[in-house]
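Novice: I am sharing protein_18.pdb, which consists of PDB, C-alpha atoms and all ligand atoms:
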```
ATOM      1  CA  MET A   1      10.618  42.361  -2.812
ATOM      2  CA  GLN A   2       9.220  38.906  -3.524
ATOM      3  CA  ARG A   3       9.275  36.568  -0.549
ATOM      4  CA  ILE A   4       9.575  32.807  -1.107
ATOM      5  CA  LEU A   5       9.536  30.166   1.606
ATOM      6  CA  VAL A   6      11.443  26.924   1.049
ATOM      7  CA  LEU A   7      10.013  24.037   3.062
ATOM      8  CA  THR A   8      12.342  21.034   3.347
ATOM      9  CA  THR A   9      11.206  17.446   3.831
ATOM     10  CA  GLY A  10      14.330  15.340   3.156
ATOM     11  CA  GLY A  11      14.576  13.138   0.048
ATOM     12  CA  THR A  12      17.623  12.320  -2.066
ATOM     13  CA  ILE A  13      18.214  16.024  -2.660
ATOM     14  CA  ALA A  14      19.149  16.394   1.049
ATOM     15  CA  SER A  15      20.768  12.959   1.426
ATOM     16  CA  HIS A  16      24.298  11.767   1.983
ATOM     17  CA  LYS A  17      25.988   8.383   2.153
ATOM     18  CA  THR A  18      25.606   6.490   5.425
ATOM     19  CA  ASP A  19      26.570   2.939   6.410
ATOM     20  CA  ASN A  20      22.976   1.999   5.659
ATOM     21  CA  GLY A  21      22.698   3.614   2.256
ATOM     22  CA  LEU A  22      21.648   7.111   1.210
ATOM     23  CA  ALA A  23      19.632   8.908   3.889
ATOM     24  CA  PRO A  24      18.482  12.509   4.297
ATOM     25  CA  GLY A  25      20.235  14.770   6.799
ATOM     26  CA  MET A  26      21.462  17.962   5.133
ATOM     27  CA  ALA A  27      20.922  21.011   7.347
ATOM     28  CA  ASP A  28      18.683  23.764   5.998
ATOM     29  CA  ASP A  29      21.401  26.423   6.134
ATOM     30  CA  VAL A  30      23.536  24.231   3.847
ATOM     31  CA  LEU A  31      20.660  23.449   1.499
ATOM     32  CA  ILE A  32      19.677  27.087   1.088
ATOM     33  CA  SER A  33      23.260  28.007   0.147
ATOM     34  CA  TYR A  34      22.797  26.115  -3.137
ATOM     35  CA  PHE A  35      20.125  28.558  -4.344
ATOM     36  CA  GLU A  36      21.357  31.402  -6.541
ATOM     37  CA  GLU A  37      20.880  34.988  -5.454
ATOM     38  CA  ARG A  38      18.093  36.498  -7.523
ATOM     39  CA  PRO A  39      17.548  40.261  -7.518
ATOM     40  CA  GLY A  40      14.243  41.188  -5.896
ATOM     41  CA  VAL A  41      13.766  37.735  -4.345
ATOM     42  CA  GLU A  42      14.186  37.014  -0.653
ATOM     43  CA  LEU A  43      14.334  33.367   0.443
ATOM     44  CA  ALA A  44      13.512  31.886   3.827
ATOM     45  CA  ILE A  45      13.813  28.218   4.753
ATOM     46  CA  GLU A  46      12.084  25.976   7.243
ATOM     47  CA  ASN A  47      12.275  22.258   7.893
ATOM     48  CA  VAL A  48       9.021  20.293   8.063
ATOM     49  CA  VAL A  49      10.099  16.636   8.176
ATOM     50  CA  ASN A  50      13.306  14.838   7.307
ATOM     51  CA  LYS A  51      12.453  11.658   5.457
ATOM     52  CA  ASP A  52      13.177   9.569   2.462
ATOM     53  CA  SER A  53       9.889  10.218   0.675
ATOM     54  CA  THR A  54       9.148   6.492   0.897
ATOM     55  CA  ASN A  55       8.355   7.254   4.536
ATOM     56  CA  MET A  56       6.090  10.221   3.783
ATOM     57  CA  GLN A  57       2.557   9.733   5.075
ATOM     58  CA  PRO A  58      -0.686  11.549   4.252
ATOM     59  CA  GLU A  59      -0.367  13.222   7.677
ATOM     60  CA  ASP A  60       2.812  14.857   6.326
ATOM     61  CA  TRP A  61       0.789  16.296   3.436
ATOM     62  CA  THR A  62      -1.614  17.865   5.915
ATOM     63  CA  THR A  63       1.289  19.234   7.974
ATOM     64  CA  LEU A  64       2.694  20.851   4.820
ATOM     65  CA  ALA A  65      -0.737  22.164   3.806
ATOM     66  CA  GLN A  66      -1.328  23.603   7.271
ATOM     67  CA  ARG A  67       2.092  25.286   7.307
ATOM     68  CA  ILE A  68       1.478  26.858   3.886
ATOM     69  CA  THR A  69      -2.013  27.957   4.898
ATOM     70  CA  ASP A  70      -0.613  29.598   8.035
ATOM     71  CA  TYR A  71       2.019  31.474   5.987
ATOM     72  CA  GLN A  72      -0.071  32.300   2.926
ATOM     73  CA  ASN A  73      -0.168  36.033   3.634
ATOM     74  CA  GLU A  74       3.528  36.291   4.468
ATOM     75  CA  TYR A  75       4.993  34.714   1.322
ATOM     76  CA  ASP A  76       4.409  35.079  -2.419
ATOM     77  CA  ALA A  77       5.311  31.486  -3.278
ATOM     78  CA  PHE A  78       6.422  28.224  -1.696
ATOM     79  CA  ILE A  79       9.082  25.718  -2.785
ATOM     80  CA  ILE A  80       9.036  22.248  -1.229
ATOM     81  CA  THR A  81      12.143  20.074  -1.495
ATOM     82  CA  HIS A  82      11.032  16.447  -1.457
ATOM     83  CA  GLY A  83      12.107  12.922  -2.367
ATOM     84  CA  THR A  84      11.037  11.825  -5.803
ATOM     85  CA  ASP A  85       9.575   8.404  -5.007
ATOM     86  CA  THR A  86       6.291   9.723  -3.601
ATOM     87  CA  MET A  87       6.461  13.280  -4.902
ATOM     88  CA  GLY A  88       3.540  12.608  -7.252
ATOM     89  CA  TYR A  89       1.358  11.615  -4.286
ATOM     90  CA  THR A  90       2.345  14.643  -2.187
ATOM     91  CA  ALA A  91       1.812  16.956  -5.178
ATOM     92  CA  ALA A  92      -1.648  15.472  -5.713
ATOM     93  CA  GLY A  93      -2.479  15.579  -1.983
ATOM     94  CA  LEU A  94      -1.510  19.262  -1.753
ATOM     95  CA  SER A  95      -3.462  20.018  -4.940
ATOM     96  CA  TYR A  96      -6.683  19.063  -3.115
ATOM     97  CA  LEU A  97      -5.818  20.293   0.374
ATOM     98  CA  LEU A  98      -4.768  23.676  -1.076
ATOM     99  CA  HIS A  99      -7.062  23.803  -4.131
ATOM    100  CA  ASP A 100      -8.206  27.332  -3.248
ATOM    101  CA  LEU A 101      -4.773  28.779  -2.356
ATOM    102  CA  LYS A 102      -3.943  31.833  -4.421
ATOM    103  CA  LYS A 103      -0.172  31.261  -4.470
ATOM    104  CA  PRO A 104       2.152  28.873  -6.350
ATOM    105  CA  VAL A 105       3.504  25.826  -4.520
ATOM    106  CA  VAL A 106       6.436  24.192  -6.325
ATOM    107  CA  LEU A 107       7.784  20.755  -5.454
ATOM    108  CA  THR A 108      11.232  19.699  -6.552
ATOM    109  CA  GLY A 109      13.896  17.147  -5.686
ATOM    110  CA  SER A 110      16.631  15.236  -7.445
ATOM    111  CA  GLN A 111      17.884  11.836  -8.492
ATOM    112  CA  ILE A 112      21.398  12.486  -7.123
ATOM    113  CA  PRO A 113      22.076  14.279  -3.827
ATOM    114  CA  LEU A 114      23.222  17.890  -3.600
ATOM    115  CA  GLY A 115      26.958  17.933  -3.140
ATOM    116  CA  MET A 116      27.615  14.802  -5.214
ATOM    117  CA  ALA A 117      29.224  14.971  -8.630
ATOM    118  CA  GLU A 118      26.734  14.856 -11.508
ATOM    119  CA  THR A 119      23.916  16.035  -9.259
ATOM    120  CA  ASP A 120      20.735  17.267 -10.894
ATOM    121  CA  ALA A 121      19.705  18.973  -7.648
ATOM    122  CA  VAL A 122      21.270  22.381  -8.303
ATOM    123  CA  ARG A 123      19.566  22.717 -11.648
ATOM    124  CA  ASN A 124      16.222  21.647 -10.185
ATOM    125  CA  LEU A 125      16.501  24.149  -7.310
ATOM    126  CA  HIS A 126      17.321  26.971  -9.768
ATOM    127  CA  ASP A 127      14.455  25.992 -12.051
ATOM    128  CA  ALA A 128      12.012  25.754  -9.135
ATOM    129  CA  LEU A 129      13.061  29.235  -8.051
ATOM    130  CA  THR A 130      12.686  30.581 -11.594
ATOM    131  CA  PHE A 131       9.152  29.210 -11.882
ATOM    132  CA  ALA A 132       8.125  30.212  -8.359
ATOM    133  CA  SER A 133       9.388  33.783  -8.790
ATOM    134  CA  GLN A 134       8.420  34.435 -12.430
ATOM    135  CA  ALA A 135       5.152  32.551 -12.967
ATOM    136  CA  THR A 136       2.662  34.112 -10.639
ATOM    137  CA  VAL A 137       0.060  31.410 -11.262
ATOM    138  CA  PRO A 138      -1.634  29.742  -8.315
ATOM    139  CA  GLY A 139      -1.591  25.971  -7.970
ATOM    140  CA  VAL A 140       0.637  23.052  -7.054
ATOM    141  CA  PHE A 141       3.395  22.119  -9.509
ATOM    142  CA  VAL A 142       6.339  19.755  -9.848
ATOM    143  CA  VAL A 143       9.475  21.249 -11.417
ATOM    144  CA  PHE A 144      11.941  18.605 -12.566
ATOM    145  CA  ASN A 145      14.604  18.372 -15.268
ATOM    146  CA  GLY A 146      13.523  21.602 -16.919
ATOM    147  CA  LEU A 147       9.809  20.849 -17.030
ATOM    148  CA  VAL A 148       6.892  22.212 -15.052
ATOM    149  CA  ILE A 149       4.110  19.686 -14.421
ATOM    150  CA  LEU A 150       0.728  20.201 -12.817
ATOM    151  CA  GLY A 151       0.550  18.612  -9.345
ATOM    152  CA  THR A 152      -2.362  16.305 -10.178
ATOM    153  CA  ARG A 153      -0.669  15.040 -13.348
ATOM    154  CA  ALA A 154       2.929  14.388 -12.276
ATOM    155  CA  ILE A 155       4.053  10.760 -12.344
ATOM    156  CA  LYS A 156       7.497   9.364 -11.695
ATOM    157  CA  THR A 157       8.239   7.090 -14.634
ATOM    158  CA  LYS A 158      11.996   6.484 -14.225
ATOM    159  CA  THR A 159      13.920   5.344 -11.148
ATOM    160  CA  LYS A 160      17.363   6.642 -12.149
ATOM    161  CA  SER A 161      17.415   9.081 -15.067
ATOM    162  CA  TYR A 162      17.251  12.841 -14.664
ATOM    163  CA  ASP A 163      14.031  13.018 -16.687
ATOM    164  CA  ALA A 164      12.199  11.074 -13.985
ATOM    165  CA  PHE A 165       8.808  12.811 -14.204
ATOM    166  CA  GLU A 166       6.195  13.022 -16.907
ATOM    167  CA  SER A 167       3.018  14.987 -17.238
ATOM    168  CA  VAL A 168       0.464  12.284 -17.904
ATOM    169  CA  ASN A 169      -2.688  13.066 -19.904
ATOM    170  CA  PHE A 170      -2.037  16.809 -19.635
ATOM    171  CA  PRO A 171       0.223  19.336 -21.378
ATOM    172  CA  TYR A 172       3.393  20.488 -19.644
ATOM    173  CA  ILE A 173       2.817  23.854 -17.987
ATOM    174  CA  ALA A 174       6.182  25.264 -19.134
ATOM    175  CA  SER A 175       9.803  24.491 -19.743
ATOM    176  CA  VAL A 176      12.482  26.238 -17.721
ATOM    177  CA  SER A 177      16.250  26.569 -17.947
ATOM    178  CA  ASP A 178      19.075  28.996 -17.159
ATOM    179  CA  GLY A 179      16.751  31.327 -15.284
ATOM    180  CA  GLU A 180      14.358  31.628 -18.227
ATOM    181  CA  LEU A 181      10.785  30.416 -18.264
ATOM    182  CA  GLY A 182       9.311  29.252 -21.587
ATOM    183  CA  PRO A 183       5.742  30.112 -22.677
ATOM    184  CA  LEU A 184       3.168  29.166 -20.084
ATOM    185  CA  TYR A 185       0.344  26.729 -20.839
ATOM    186  CA  GLU A 186      -2.594  28.086 -18.885
ATOM    187  CA  PRO A 187      -5.351  25.494 -18.418
ATOM    188  CA  GLU A 188      -8.947  26.477 -19.177
ATOM    189  CA  PRO A 189     -10.635  27.698 -15.999
ATOM    190  CA  GLU A 190     -12.735  24.972 -14.348
ATOM    191  CA  ASP A 191     -15.843  25.302 -12.153
ATOM    192  CA  GLU A 192     -14.700  26.341  -8.726
ATOM    193  CA  PHE A 193     -14.997  23.589  -6.116
ATOM    194  CA  VAL A 194     -16.830  25.050  -3.169
ATOM    195  CA  GLY A 195     -15.461  23.798   0.109
ATOM    196  CA  HIS A 196     -12.201  23.632   1.936
ATOM    197  CA  SER A 197     -10.844  20.831   4.073
ATOM    198  CA  LEU A 198      -7.461  20.006   5.534
ATOM    199  CA  GLU A 199      -8.638  16.566   6.633
ATOM    200  CA  LEU A 200      -7.882  13.184   5.068
ATOM    201  CA  ASN A 201      -9.407   9.748   5.644
ATOM    202  CA  THR A 202      -6.584   7.306   4.930
ATOM    203  CA  ASN A 203      -8.709   4.155   5.178
ATOM    204  CA  VAL A 204      -8.577   3.413   1.452
ATOM    205  CA  PHE A 205      -6.994   0.667  -0.583
ATOM    206  CA  VAL A 206      -5.624   0.310  -4.117
ATOM    207  CA  LEU A 207      -6.137  -3.050  -5.776
ATOM    208  CA  LYS A 208      -4.351  -3.827  -9.015
ATOM    209  CA  ALA A 209      -6.307  -6.328 -11.075
ATOM    210  CA  PHE A 210      -4.421  -9.241 -12.618
ATOM    211  CA  PRO A 211      -5.549 -12.364 -14.457
ATOM    212  CA  GLY A 212      -6.293 -14.980 -11.779
ATOM    213  CA  MET A 213      -7.182 -12.585  -8.923
ATOM    214  CA  ASP A 214      -9.398 -14.247  -6.314
ATOM    215  CA  PRO A 215     -12.685 -12.274  -6.052
ATOM    216  CA  ASP A 216     -12.848 -13.091  -2.294
ATOM    217  CA  ILE A 217     -10.363 -10.244  -1.798
ATOM    218  CA  LEU A 218     -13.330  -7.887  -2.272
ATOM    219  CA  ASP A 219     -15.138  -9.437   0.730
ATOM    220  CA  TYR A 220     -11.991  -9.014   2.783
ATOM    221  CA  LEU A 221     -11.572  -5.380   1.764
ATOM    222  CA  GLY A 222     -15.298  -4.617   1.971
ATOM    223  CA  ALA A 223     -15.215  -5.406   5.678
ATOM    224  CA  ARG A 224     -12.284  -3.068   6.310
ATOM    225  CA  VAL A 225     -11.994  -0.033   4.047
ATOM    226  CA  ASP A 226     -14.027   3.144   3.565
ATOM    227  CA  GLY A 227     -13.154   3.327  -0.109
ATOM    228  CA  LEU A 228     -11.549   1.067  -2.714
ATOM    229  CA  ILE A 229      -9.681   1.992  -5.882
ATOM    230  CA  ILE A 230      -9.363  -0.736  -8.490
ATOM    231  CA  GLU A 231      -6.740  -0.388 -11.212
ATOM    232  CA  SER A 232      -8.654  -2.043 -14.010
ATOM    233  CA  PHE A 233      -7.430  -3.328 -17.351
ATOM    234  CA  GLY A 234      -7.460  -0.956 -20.334
ATOM    235  CA  ASN A 235     -10.650   1.055 -20.612
ATOM    236  CA  GLY A 236     -12.126   0.172 -17.204
ATOM    237  CA  GLY A 237     -12.786  -3.537 -17.692
ATOM    238  CA  LEU A 238     -12.664  -6.251 -15.023
ATOM    239  CA  PRO A 239     -13.355  -9.989 -15.434
ATOM    240  CA  PHE A 240     -16.956 -11.232 -15.180
ATOM    241  CA  GLU A 241     -16.233 -14.825 -16.158
ATOM    242  CA  ASN A 242     -14.668 -17.503 -13.935
ATOM    243  CA  ARG A 243     -13.121 -15.385 -11.207
ATOM    244  CA  ASN A 244     -15.938 -12.829 -11.416
ATOM    245  CA  LEU A 245     -15.308  -9.500  -9.685
ATOM    246  CA  ILE A 246     -18.708  -7.977 -10.457
ATOM    247  CA  PRO A 247     -20.730  -9.368  -7.469
ATOM    248  CA  GLY A 248     -18.085  -8.094  -5.048
ATOM    249  CA  ILE A 249     -18.228  -4.582  -6.544
ATOM    250  CA  GLU A 250     -22.024  -4.653  -6.337
ATOM    251  CA  LYS A 251     -21.934  -5.812  -2.707
ATOM    252  CA  MET A 252     -19.511  -3.067  -1.650
ATOM    253  CA  THR A 253     -21.526  -0.426  -3.490
ATOM    254  CA  LYS A 254     -24.768  -1.612  -1.797
ATOM    255  CA  ALA A 255     -22.971  -1.321   1.537
ATOM    256  CA  GLY A 256     -22.173   2.327   0.684
ATOM    257  CA  ILE A 257     -18.461   1.789   0.074
ATOM    258  CA  PRO A 258     -17.267   3.597  -3.055
ATOM    259  CA  VAL A 259     -15.443   1.454  -5.616
ATOM    260  CA  ILE A 260     -13.457   3.809  -7.787
ATOM    261  CA  ILE A 261     -12.287   2.508 -11.158
ATOM    262  CA  THR A 262      -9.036   3.700 -12.671
ATOM    263  CA  THR A 263      -6.779   2.018 -15.212
ATOM    264  CA  GLN A 264      -3.355   0.382 -15.184
ATOM    265  CA  ILE A 265      -2.597   2.046 -18.512
ATOM    266  CA  LEU A 266      -0.775   5.325 -18.053
ATOM    267  CA  GLN A 267      -1.839   7.197 -21.163
ATOM    268  CA  GLU A 268      -5.226   8.245 -22.559
ATOM    269  CA  GLY A 269      -7.510   7.415 -19.621
ATOM    270  CA  GLN A 270     -10.440   5.010 -19.772
ATOM    271  CA  ASP A 271     -13.811   4.737 -21.452
ATOM    272  CA  ILE A 272     -15.735   2.389 -19.192
ATOM    273  CA  TYR A 273     -18.774   2.122 -21.513
ATOM    274  CA  LEU A 274     -16.782   1.041 -24.590
ATOM    275  CA  TYR A 275     -16.711  -2.689 -23.820
ATOM    276  CA  GLU A 276     -19.066  -5.132 -22.130
ATOM    277  CA  VAL A 277     -16.308  -5.842 -19.572
ATOM    278  CA  GLY A 278     -16.447  -2.171 -18.536
ATOM    279  CA  GLN A 279     -20.209  -1.701 -18.714
ATOM    280  CA  GLN A 280     -20.669  -4.559 -16.246
ATOM    281  CA  VAL A 281     -18.349  -2.763 -13.818
ATOM    282  CA  ALA A 282     -20.281   0.489 -14.224
ATOM    283  CA  LYS A 283     -23.646  -1.302 -13.786
ATOM    284  CA  ALA A 284     -22.376  -2.911 -10.577
ATOM    285  CA  GLY A 285     -21.678   0.579  -9.215
ATOM    286  CA  GLY A 286     -18.019   1.086 -10.130
ATOM    287  CA  ILE A 287     -17.300   4.830 -10.278
ATOM    288  CA  THR A 288     -15.117   5.721 -13.258
ATOM    289  CA  VAL A 289     -12.650   8.560 -12.888
ATOM    290  CA  GLY A 290     -11.776   8.941 -16.566
ATOM    291  CA  ASP A 291      -8.220  10.066 -17.192
ATOM    292  CA  MET A 292      -7.130  10.645 -13.589
ATOM    293  CA  ASN A 293      -3.917   8.957 -12.488
ATOM    294  CA  THR A 294      -3.697   6.648  -9.477
ATOM    295  CA  GLU A 295      -1.675   9.112  -7.365
ATOM    296  CA  ALA A 296      -4.401  11.729  -7.760
ATOM    297  CA  VAL A 297      -7.222   9.217  -7.235
ATOM    298  CA  VAL A 298      -5.695   8.030  -3.934
ATOM    299  CA  ALA A 299      -5.241  11.572  -2.611
ATOM    300  CA  LYS A 300      -8.644  12.764  -3.829
ATOM    301  CA  LEU A 301     -10.498   9.791  -2.344
ATOM    302  CA  MET A 302      -8.812  10.350   1.055
ATOM    303  CA  TRP A 303      -9.793  14.018   0.901
ATOM    304  CA  VAL A 304     -13.362  13.379  -0.276
ATOM    305  CA  LEU A 305     -13.983  10.636   2.325
ATOM    306  CA  ALA A 306     -12.936  13.027   5.084
ATOM    307  CA  GLN A 307     -15.768  15.327   3.961
ATOM    308  CA  THR A 308     -18.616  12.883   3.350
ATOM    309  CA  ASN A 309     -19.535   9.207   3.609
ATOM    310  CA  GLN A 310     -22.581   9.544   1.319
ATOM    311  CA  LEU A 311     -22.043   7.506  -1.839
ATOM    312  CA  ASP A 312     -23.870   9.925  -4.175
ATOM    313  CA  GLU A 313     -21.838  12.874  -2.865
ATOM    314  CA  ILE A 314     -18.591  10.906  -3.083
ATOM    315  CA  LYS A 315     -19.353  10.098  -6.732
ATOM    316  CA  ILE A 316     -20.089  13.729  -7.602
ATOM    317  CA  MET A 317     -16.913  14.971  -5.924
ATOM    318  CA  MET A 318     -14.691  12.241  -7.396
ATOM    319  CA  GLN A 319     -15.965  13.044 -10.881
ATOM    320  CA  GLN A 320     -15.748  16.828 -10.549
ATOM    321  CA  PRO A 321     -12.516  18.213 -12.011
ATOM    322  CA  ILE A 322     -10.456  19.775  -9.206
ATOM    323  CA  ALA A 323      -6.983  21.220  -9.810
ATOM    324  CA  HIS A 324      -7.312  20.031 -13.449
ATOM    325  CA  ASP A 325      -7.040  16.404 -12.340
ATOM    326  CA  LEU A 326      -9.642  15.148 -14.805
ATOM    327  CA  ASP A 327     -10.556  16.036 -18.389
ATOM    328  CA  PHE A 328     -13.243  13.464 -19.169
ATOM    329  CA  ILE A 329     -15.237  10.654 -17.566
TER     330      ILE A 329
HETATM  331  N1  LIG A 401      15.398  10.439  -5.777
HETATM  332  C1  LIG A 401      14.789  10.338  -4.594
HETATM  333  O1  LIG A 401      14.496  11.342  -4.000
HETATM  334  C2  LIG A 401      14.479   8.950  -4.107
HETATM  335  C3  LIG A 401      14.412   8.811  -2.597
HETATM  336  N2  LIG A 401      14.251   7.434  -2.241
HETATM  337  C4  LIG A 401      13.217   9.589  -2.030
HETATM  338  O2  LIG A 401      12.122   9.495  -2.549
HETATM  339  O3  LIG A 401      13.345  10.241  -1.027
END
```
What's the structure tokens form of this structure?
Specialist:
Amino acid sequence: MQRILVLTTGGTIASHKTDNGLAPGMADDVLISYFEERPGVELAIENVVNKDSTNMQPEDWTTLAQRITDYQNEYDAFIITHGTDTMGYTAAGLSYLLHDLKKPVVLTGSQIPLGMAETDAVRNLHDALTFASQATVPGVFVVFNGLVILGTRAIKTKTKSYDAFESVNFPYIASVSDGELGPLYEPEPEDEFVGHSLELNTNVFVLKAFPGMDPDILDYLGARVDGLIIESFGNGGLPFENRNLIPGIEKMTKAGIPVIITTQILQEGQDIYLYEVGQQVAKAGGITVGDMNTEAVVAKLMWVLAQTNQLDEIKIMMQQPIAHDLDFI
């Protein structure tokens, strides 16, 4: 008998109409009744938090990770029901916190609540169960609208449609429908990351560059954060003329604060050395993270900063592929 634990956290999937708009509140014994019986599979359910995922905090990721760690020998797989708005962040967070777990962890949710007409929730629950029970691959995954996406690569790209999630810069792991799992894409094995930590340092900030941004913001942030992520333009470039961001990056780096460079462009990652505007960022100390997405960079930086405050170690860890979050620098 395969044992699967469903952990519930709220989200639209468990929401109903209230005077103040949709809000989660469905009891676990009702939610579990929507899963199909599957021969040889025994389901258990447990509530962790009950939130619109907008209210999820990194501390909730660690609570989930701790719960799964505690139960890892009792269950063969875990399904987490979750709101979609921050599911990509939770999936990324769990990918690092549980990078060495030997079981599958499958996040799913829906765009329309269970129990409402036209809901996509029932299908997503069935598909999550199919993947969790049939694909015995370890790792953190998002199952949504018939697609299985790696936890470090799942991004919500639509607010309303059923096909809300995409796998960005990485192949889909599988397709799934009507209880059948399509062929599995198994990523090349990567060097094992040695170390385990269930801690996060949340004192980070994400700054989206835009034409006209006042460079003084870097002084402000430099005095407050333990790590900064800048969403650069295109291939890693930031302005060095007029409102010049380069001195601020250099100053933060000299002070030992990592400045991680990602890109605002969703597809194809960055190549920071391609243009002068990127090379200046790299020379100033900006740490490129290649084709990682912002959700994964945020979660990874919180996790790395909880383990070290040494800039050289932070750089090595940020640039080491973990949970297939990164293909190239
Ligand atoms: N579709 C959803 O789940 C959206 C909801 N606001 C949530 O993230 O909890």
Novice: Would you compute an axis-aligned box for region 273-286 of chain A, covering every atom listed for it in the file with 4 Å of margin on each side, and report centre and edge lengths in Å to one decimal as JSON?
Specialist:
```
{"center_x": -20.0, "center_y": -1.9, "center_z": -16.9, "size_x": 15.3, "size_y": 16.0, "size_z": 23.4}
```
Novice: Can you work out which residues are within 10 Å of ligand LIG 401 (chain A), considering only C-alpha atoms and all ligand atoms, and then hand them over as an mmCIF file with C-alpha atoms, keeping the file's coordinate frame?
Specialist:
```
data_model
loop_
_atom_site.group_PDB
_atom_site.id
_atom_site.type_symbol
_atom_site.label_atom_id
_atom_site.label_comp_id
_atom_site.auth_asym_id
_atom_site.auth_seq_id
_atom_site.Cartn_x
_atom_site.Cartn_y
_atom_site.Cartn_z
ATOM 1 C CA THR A 9 11.206 17.446 3.831
ATOM 2 C CA GLY A 10 14.330 15.340 3.156
ATOM 3 C CA GLY A 11 14.576 13.138 0.048
ATOM 4 C CA THR A 12 17.623 12.320 -2.066
ATOM 5 C CA ILE A 13 18.214 16.024 -2.660
ATOM 6 C CA ALA A 14 19.149 16.394 1.049
ATOM 7 C CA SER A 15 20.768 12.959 1.426
ATOM 8 C CA LEU A 22 21.648 7.111 1.210
ATOM 9 C CA ALA A 23 19.632 8.908 3.889
ATOM 10 C CA PRO A 24 18.482 12.509 4.297
ATOM 11 C CA ASN A 50 13.306 14.838 7.307
ATOM 12 C CA LYS A 51 12.453 11.658 5.457
ATOM 13 C CA ASP A 52 13.177 9.569 2.462
ATOM 14 C CA SER A 53 9.889 10.218 0.675
ATOM 15 C CA THR A 54 9.148 6.492 0.897
ATOM 16 C CA ASN A 55 8.355 7.254 4.536
ATOM 17 C CA MET A 56 6.090 10.221 3.783
ATOM 18 C CA THR A 81 12.143 20.074 -1.495
ATOM 19 C CA HIS A 82 11.032 16.447 -1.457
ATOM 20 C CA GLY A 83 12.107 12.922 -2.367
ATOM 21 C CA THR A 84 11.037 11.825 -5.803
ATOM 22 C CA ASP A 85 9.575 8.404 -5.007
ATOM 23 C CA THR A 86 6.291 9.723 -3.601
ATOM 24 C CA MET A 87 6.461 13.280 -4.902
ATOM 25 C CA THR A 108 11.232 19.699 -6.552
ATOM 26 C CA GLY A 109 13.896 17.147 -5.686
ATOM 27 C CA SER A 110 16.631 15.236 -7.445
ATOM 28 C CA GLN A 111 17.884 11.836 -8.492
ATOM 29 C CA ILE A 112 21.398 12.486 -7.123
ATOM 30 C CA PRO A 113 22.076 14.279 -3.827
ATOM 31 C CA ALA A 121 19.705 18.973 -7.648
ATOM 32 C CA LYS A 156 7.497 9.364 -11.695
ATOM 33 C CA LYS A 158 11.996 6.484 -14.225
ATOM 34 C CA THR A 159 13.920 5.344 -11.148
ATOM 35 C CA LYS A 160 17.363 6.642 -12.149
ATOM 36 C CA SER A 161 17.415 9.081 -15.067
ATOM 37 C CA TYR A 162 17.251 12.841 -14.664
ATOM 38 C CA ALA A 164 12.199 11.074 -13.985
#
```
Novice: From the set A:Thr63, A:Gln279, A:Gln320, A:Ser175, which residue has the shortest atom-to-atom contact distance to Asn47 (chain A), counting all atoms listed in the file?
Specialist: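 Nearest to Asn47 (chain A): A:Thr63.
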Novice: In terms of the shortest atom-to-atom distance over only C-alpha atoms, which of A:Val298, A:Ala255, A:Ala154, A:Val41 is closest to Met1 (chain A)?
Specialist: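 Looking at the shortest contact to Met1 (chain A), the residue is A:Val41.
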Novice: Give me, as a PyMOL selection string, all polymer residues having an atom no more than 12 Å from Thr69 (chain A), counting only C-alpha atoms and skipping those fewer than 3 positions away in the same chain.
Specialist: chain A and resi 62-66+72-75+77-78+94+97-103+105+196-198
Novice: Could you check how far CA of Phe141 (chain A) sits from CA of Gln264 (chain A), in Å to one decimal?
Specialist: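 It comes out at 23.5 Å.
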Novice: Please expand the PyMOL selection byres (((chain A and resi 299) around 12) and not hetatm) into the concrete residues it hits in this file, giving the result as a ChimeraX atom specification.
Specialist: /A:57-59,61-62,86,88-97,151-152,198-206,227,229,292-298,300-306,318,322,325
Novice: List the neighbours of Leu31 (chain A) out to 10 Å using only C-alpha atoms; skip same-chain residues closer than 2 positions along the sequence, and give me the result as a list of chain:residue names.
Specialist: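 In the requested form, the answer reads A:Val6, A:Thr8, A:Ile13, A:Ala14, A:Met26, A:Ala27, A:Asp28, A:Asp29, A:Ser33, A:Tyr34, A:Phe35, A:Ile45, A:Thr81, A:Leu114, A:Gly115, A:Val122, A:Leu125.
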Novice: Report, in Å to a single decimal, how far apart CA of Arg3 (chain A) and CA of Asp76 (chain A) are.
Specialist: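 We find that CA of Asp76 (chain A) and CA of Arg3 (chain A) lie 5.4 Å from each other.
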Novice: Please measure the separation of CA of Ile246 (chain A) and CA of Gly222 (chain A), giving the value in Å to one decimal.
Specialist: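 Atom-to-atom, CA of Ile246 (chain A) to CA of Gly222 (chain A), that is 13.3 Å.
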Novice: Convert the output of the PyMOL selection byres (((chain A and resi 310) around 12) and not hetatm) on the shown file into explicit residues, formatted as a CSV table (one decimal) with C-alpha atoms, in the coordinates of the input.
Specialist:
```csv
chain,number,residue,atom,x,y,z
A,226,ASP,CA,-14.0,3.1,3.6
A,227,GLY,CA,-13.2,3.3,-0.1
A,253,THR,CA,-21.5,-0.4,-3.5
A,254,LYS,CA,-24.8,-1.6,-1.8
A,255,ALA,CA,-23.0,-1.3,1.5
A,256,GLY,CA,-22.2,2.3,0.7
A,257,ILE,CA,-18.5,1.8,0.1
A,258,PRO,CA,-17.3,3.6,-3.1
A,304,VAL,CA,-13.4,13.4,-0.3
A,305,LEU,CA,-14.0,10.6,2.3
A,306,ALA,CA,-12.9,13.0,5.1
A,307,GLN,CA,-15.8,15.3,4.0
A,308,THR,CA,-18.6,12.9,3.4
A,309,ASN,CA,-19.5,9.2,3.6
A,311,LEU,CA,-22.0,7.5,-1.8
A,312,ASP,CA,-23.9,9.9,-4.2
A,313,GLU,CA,-21.8,12.9,-2.9
A,314,ILE,CA,-18.6,10.9,-3.1
A,315,LYS,CA,-19.4,10.1,-6.7
A,316,ILE,CA,-20.1,13.7,-7.6
A,317,MET,CA,-16.9,15.0,-5.9
```
